[in-house]
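J.: Have a look at the structure that comes next, please.
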Amino acid sequence: MAVIAMGMLFAACKNAPDNNASKTLEAIQGEEVAVLTDAPNVPPPITRTHATKVVVNLDVIEKVMKIGDSTDYSFWTFGGKVPGKFIRVREGDLVHFTLHNMPDSKVSHNIDLHAVSGPGGGAEVTNVAPGQSATFEFRALNPGLYVYHCATGPVGMHIANGMYGLILVEPKAGLEKVDKEYYIMQGDFYTKGKFDAGGLQDFDEEKAIAETPDYVLFNGKVRSSTGANAFPAKVGDKVRLFAGNGGPNLVSSFHVIGEIFDKVYMEAGTEVNHNVQTTLIPAGGASIVEMKMDVPGVYNIVDHSIFRAFNKGALAQIKVTGDKKPEIFNKLK
Amino acid sequence: MKFFLTTILVTVFFGGIFAQQKTVTSVKKMVVIPAGMYEPFFITKANKPLRVASFKMDETAVTNAEFLEFTKQNPKWRRSKVNRLFADSNYLRHWQSDTVIGIAHKNIYNSPVVNVSWFAAQAYCKWKGKRLPTVAEWEFAGNGKPLNSKYKSLTDFILEWYRKPNPPVLPNIKSTYKNQYNLFDMHGLVWEWTFNFNSFISKGDSRGSTADEQKAFCAAGSLDVKDRTDYAGFLRFSYRGSLKGNYCIANLGFRCAKDLK
Ligand SMILES: [Cu+2]
């Protein structure tokens, strides 16, 4: 349904006739295996000028990992981390997608990619038991940044356990060149114990249904991207964030303290807004934001529903190094 | 607790005997499950609450030692001979060979046999003059109240098991809990095959039946489920829905059932 709505959105407000799915499809030339990356890394920009067959192999891995410095959680993942592997393809590509559920998994899983035009976004054809694989193909018709997630019942539990990631369908002409690209994804987590309670924490379905998370996190862990793990940049760099929100419940008021987004691809579609302070990222949605880092220092990325940032973990950082720019920002006295 | 310890010691002891003799002479104990109502987790027009007639069920899952006897006496169900249509390439992969479980695996003689297909499980039960339990029978029996369990709810116990990765060596039968029907390990040891595991997907001959599957697995459909907080039941239905008859999976075993005479 989201896919259909998205498709209509594109059809309604599109400037480039290229996006029209009813036009003849581009010829597929050659084949390549997709480079997949863990957050905060992003695969390199696509320089191809033709459509190709892109082979994507994604493993479902259930594993215990740190959700906080002293707290463990049993995550269900696409590729071994939360969020799942970042997938980058070009508009028009034929994506040959294989989902493999590791033999040690306890439960079955599938994948719904919001970039797919087809029933269930792939979920119906990829319901895989432990040790099994499923393969399907889809055409990446609409450019944009899309969430993918597990849609096996109970869907909310699979998402709450970390089963989401992003797939970028780069427009044919590519995205404007920037100096740094990072992958960041928000998610809310529900545990029997309170925030940072320690030990191995179980999923709490009652809190999930009540939508009262103990954790709201960027990239799956408290302090995943702060201090030594802050995203590095230099003064003068243009930084692009591929920002997603897995949910399952909360909408993100995505904000970088001390910066203004020069560009926001609204809801990760083709329309660009300028000079934005805070942008909404729906659960199961994404945004592409760009900013030029003019002044050195540490910039906090937050969900500006601010208790989430300071009490539930929704905090990441960009660390900008380089010469001071007193003509832009200057401490007096 | 003492009950648990005793059963573990006993099973380890007998496991050792099996390891030496590699034969099973005892007859599998079955228990009588009383008649009752089974409320399907996912209710549709075709999938209504059912009355389950009284039946007999193996008190534990079928073990590696028991299944070994089956492969010895039924060569076509040996690993190297089995038809791939009836068991995929993972069939009995944890055994050393066709008819040897293996010295490295001597602790699993009395553990549930896994990596067996639906066809193999059904053939085993038939060989024993039994059959696989239906989903309704299995779920009704599986909902029996645990005895001697430290968990305050069965769902909590099951969910804790679901979130743990498979152990390197599968524990023996009777190592978890016994329920009100005197069944052991209905949850917490392995998943178990049922006779009609995919019936609510492929029931009937119309293509429309897949709509049930769609509804059950996709977000929109979960509104139809009986108890939306029964995440354990939901996970079991999703798991069954992902199976095919020739699949052999490392955490999937079975036990047999039988009609009352
Ligand atoms: Cu899943």
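Scheme for the structure tokens: letters A, B, ... for chains in order shown; per-chain residue numbers from 1; ligand numbers from 1 in order shown.
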Find the spatial neighbours of A:Arg48, counting only C-alpha atoms, within a cut-off of 9 Å - ignore same-chain residues fewer than 4 positions away - and output them as a count of residues only.

T.: 3

J.: Check which residues fall inside 9 Å of ligand 1 when counting only C-alpha atoms and all ligand atoms, and print them as a ChimeraX atom specification.

T.: /A:60,76-78,107-111,127,149-155,157-159,161-163

J.: If you count only C-alpha atoms, which residues fall within 7 Å of B:Ala61, apart from same-chain ones fewer than 3 positions away, as a ChimeraX atom specification?

T.: /B:58,112,173,253-255

J.: Could you save those same residues with N, CA, C and O atoms as a PDB file, in the first residue's frame?

T.:
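The resulting file, selection.pdb, is reproduced below:
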ATOM      1  N   ASP B  58       2.523 -39.126  21.661  1.00  0.00           N
ATOM      2  CA  ASP B  58       3.810 -39.499  22.254  1.00  0.00           C
ATOM      3  C   ASP B  58       4.134 -38.520  23.384  1.00  0.00           C
ATOM      4  O   ASP B  58       4.001 -37.310  23.206  1.00  0.00           O
ATOM      5  N   PRO B 112      15.787 -34.960  20.691  1.00  0.00           N
ATOM      6  CA  PRO B 112      14.851 -35.057  19.567  1.00  0.00           C
ATOM      7  C   PRO B 112      15.609 -35.135  18.239  1.00  0.00           C
ATOM      8  O   PRO B 112      16.609 -34.441  18.063  1.00  0.00           O
ATOM      9  N   ILE B 173      15.489 -35.196  25.517  1.00  0.00           N
ATOM     10  CA  ILE B 173      14.067 -35.091  25.813  1.00  0.00           C
ATOM     11  C   ILE B 173      13.871 -35.064  27.325  1.00  0.00           C
ATOM     12  O   ILE B 173      14.727 -35.503  28.085  1.00  0.00           O
ATOM     13  N   GLY B 253      11.663 -30.921  14.840  1.00  0.00           N
ATOM     14  CA  GLY B 253      11.508 -32.362  15.023  1.00  0.00           C
ATOM     15  C   GLY B 253      10.037 -32.742  14.960  1.00  0.00           C
ATOM     16  O   GLY B 253       9.249 -32.059  14.310  1.00  0.00           O
ATOM     17  N   PHE B 254       9.652 -33.812  15.643  1.00  0.00           N
ATOM     18  CA  PHE B 254       8.242 -34.223  15.623  1.00  0.00           C
ATOM     19  C   PHE B 254       7.961 -35.244  16.722  1.00  0.00           C
ATOM     20  O   PHE B 254       8.874 -35.841  17.289  1.00  0.00           O
ATOM     21  N   ARG B 255       6.680 -35.431  16.995  1.00  0.00           N
ATOM     22  CA  ARG B 255       6.206 -36.550  17.798  1.00  0.00           C
ATOM     23  C   ARG B 255       4.950 -37.078  17.118  1.00  0.00           C
ATOM     24  O   ARG B 255       4.340 -36.366  16.325  1.00  0.00           O
TER      25      ARG B 255
END

J.: Determine the nearest neighbour of chain B from the options A:Ile288, A:Ala140, A:Ala230, A:Val128, counting only C-alpha atoms.

T.: A:Val128

J.: Out of A:Lys325, A:Lys106, A:Lys207, A:Arg240, which residue has the shortest atom-to-atom distance to chain B when counting only C-alpha atoms?

T.: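 Selected residue with least distance to chain B: A:Lys106.
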
J.: Write out as a list in words which residues come within 12 Å of B:Met30 when counting only C-alpha atoms, dropping same-chain ones fewer than 5 positions away.

T.: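 These residues fall inside the cut-off: Phe55, Lys56, Met57, Asp58, Glu59, Thr60, Ala61, Val62, Lys130, Tyr181, Asn182, Leu183, Phe184, Arg255, Cys256, Ala257, Lys258, Asp259 and Leu260 of chain B.
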
J.: Nearest to A:Pro40: which of A:Val264, A:Ala160, A:Leu166, A:Met293 is it, counting only C-alpha atoms?

T.: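 Checking each of A:Val264, A:Ala160, A:Leu166, A:Met293 against A:Pro40, counting only C-alpha atoms, the winner is A:Leu166.
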